[in-house]
Amino acid sequence: IGTDIFYSAVTKTVGGWRHLRMKTVNMELVKWLAIGSVPAAVTGVAIVSVLENHIGEDRLDSLVYAVLGGTLLMVGVITLTRALILRNLVDERDRFDVERRHKIAAVLIGATTGLVIGVTSAGSGTVIAILLIAVYRLAPKKVVGTDVFHAAILLWAAGIAHWVGGNVDFTLAANILIGSVPGVVIGAALSDRAPQGFIRT
């Protein structure tokens, strides 16, 4: 989990910078998401450390696998629901005025997903992206840009916490980055040029 979060932080930083240059990031939403997600992610990492001391590494692994499996299952159900049921019910938009209710929702979304990500490393992309579509009705390229930029902030907070906790394998992270950095640059370019229907799928 620590290695996944750390390498993802580097990857999302590259992608976030590209999306910022392409003007596909809603910075107001990013700010309010981060207010909720950063403290929650660090809390999630702390919970993992506390549990490891109290129940042991083997039992902790079993517990984390269960939470991770449940998170991935939830992501799958949400994604499928969005694709099959909600696709014709949501009017997407490139921009909107961020009101108080939007800010409160963003903080709650950030806090909930941040805690899950700190514990499991799962959901920094898919869960928040689906919620950006469902709650804010953002167009796909805005969803991708806002999600990636926010994820970079969130994952650095969690990644540094895992680094301090000794949970990062830097050799493995470096090997993954050899492929992921070029991949995210290509993906960012495609998200701006590809048809919106293709991105949504």
# chains A, B, ... in the order shown; residues from 1 in each chain; ligands from 1

call {"tool": "residues_around", "arguments": {"residues": "A:Ile47", "least_positions_apart": "5", "cutoff": "9 Å", "atoms": "only C-alpha atoms", "output": "CSV table (one decimal) with N, CA, C and O atoms, in the first residue's frame"}}
result
chain,number,residue,atom,x,y,z
A,42,VAL,N,-3.9,11.0,6.0
A,42,VAL,CA,-2.8,10.8,7.1
A,42,VAL,C,-3.4,10.1,8.3
A,42,VAL,O,-2.7,9.2,8.9
A,52,GLU,N,-1.4,-2.3,13.5
A,52,GLU,CA,-0.3,-3.2,13.4
A,52,GLU,C,0.4,-3.5,14.7
A,52,GLU,O,0.7,-4.6,15.1
A,118,GLY,N,-5.9,6.2,2.5
A,118,GLY,CA,-4.8,6.0,3.4
A,118,GLY,C,-4.6,4.6,4.0
A,118,GLY,O,-3.5,4.2,4.2
A,119,VAL,N,-5.8,3.9,4.1
A,119,VAL,CA,-5.7,2.5,4.6
A,119,VAL,C,-5.4,1.5,3.5
A,119,VAL,O,-4.7,0.6,3.8

call {"tool": "residues_around", "arguments": {"residues": "A:Ala66", "least_positions_apart": "6", "cutoff": "12 Å", "atoms": "only C-alpha atoms", "output": "ChimeraX atom specification"}}
result
/A:59-60,72-73,119-120

call {"tool": "write_last_selection", "arguments": {"atoms": "N, CA, C and O atoms", "output": "short mmCIF file (atom, residue, chain, number, x, y, z; two decimals), in the first residue's frame"}}
result
data_model
loop_
_atom_site.label_atom_id
_atom_site.label_comp_id
_atom_site.auth_asym_id
_atom_site.auth_seq_id
_atom_site.Cartn_x
_atom_site.Cartn_y
_atom_site.Cartn_z
N ARG A 59 -2.67 -10.39 11.08
CA ARG A 59 -4.10 -10.05 11.20
C ARG A 59 -4.40 -8.73 10.50
O ARG A 59 -5.48 -8.56 9.91
N LEU A 60 -3.45 -7.80 10.55
CA LEU A 60 -3.65 -6.52 9.86
C LEU A 60 -3.75 -6.75 8.35
O LEU A 60 -4.61 -6.16 7.69
N LEU A 72 -12.83 -2.14 -3.74
CA LEU A 72 -12.79 -2.40 -5.18
C LEU A 72 -14.15 -2.87 -5.70
O LEU A 72 -14.57 -2.50 -6.80
N LEU A 73 -14.84 -3.70 -4.90
CA LEU A 73 -16.18 -4.15 -5.28
C LEU A 73 -17.14 -2.96 -5.37
O LEU A 73 -17.92 -2.85 -6.32
N VAL A 119 -5.75 3.90 4.10
CA VAL A 119 -5.73 2.54 4.63
C VAL A 119 -5.44 1.51 3.54
O VAL A 119 -4.69 0.55 3.75
N THR A 120 -6.03 1.70 2.33
CA THR A 120 -5.99 0.64 1.31
C THR A 120 -5.22 1.01 0.04
O THR A 120 -4.87 0.12 -0.74
#

call {"tool": "closest_residue", "arguments": {"among": "A:Met74, A:Leu29, A:Val67, A:Leu51", "to": "A:Lys103", "atoms": "only C-alpha atoms"}}
result
A:Leu29

call {"tool": "residues_around", "arguments": {"residues": "A:Asp147", "least_positions_apart": "4", "cutoff": "6 Å", "atoms": "only C-alpha atoms", "output": "list in words"}}
result
Ala129, Val143 and Ala151 of chain A

call {"tool": "write_last_selection", "arguments": {"atoms": "C-alpha atoms", "output": "mmCIF file, in the first residue's frame"}}
result
data_model
loop_
_atom_site.group_PDB
_atom_site.id
_atom_site.type_symbol
_atom_site.label_atom_id
_atom_site.label_comp_id
_atom_site.auth_asym_id
_atom_site.auth_seq_id
_atom_site.Cartn_x
_atom_site.Cartn_y
_atom_site.Cartn_z
ATOM 1 C CA ALA A 129 -13.967 10.457 -10.473
ATOM 2 C CA VAL A 143 -13.373 15.002 -14.237
ATOM 3 C CA ALA A 151 -5.041 12.908 -6.284
#

call {"tool": "atom_distance", "arguments": {"atom1": "atom CA of A:Arg101", "atom2": "atom CA of A:Leu132"}}
result
13.9 Å

call {"tool": "closest_residue", "arguments": {"among": "A:Leu131, A:Val107, A:Leu63, A:Val38", "to": "A:Trp156", "atoms": "only C-alpha atoms"}}
result
A:Val38

call {"tool": "closest_residue", "arguments": {"among": "A:Pro195, A:Gly76, A:Gly187, A:Gly159", "to": "A:Val10", "atoms": "only C-alpha atoms"}}
result
A:Gly159

call {"tool": "atom_distance", "arguments": {"atom1": "atom CA of A:Asp58", "atom2": "atom CA of A:Ala173"}}
result
23.2 Å
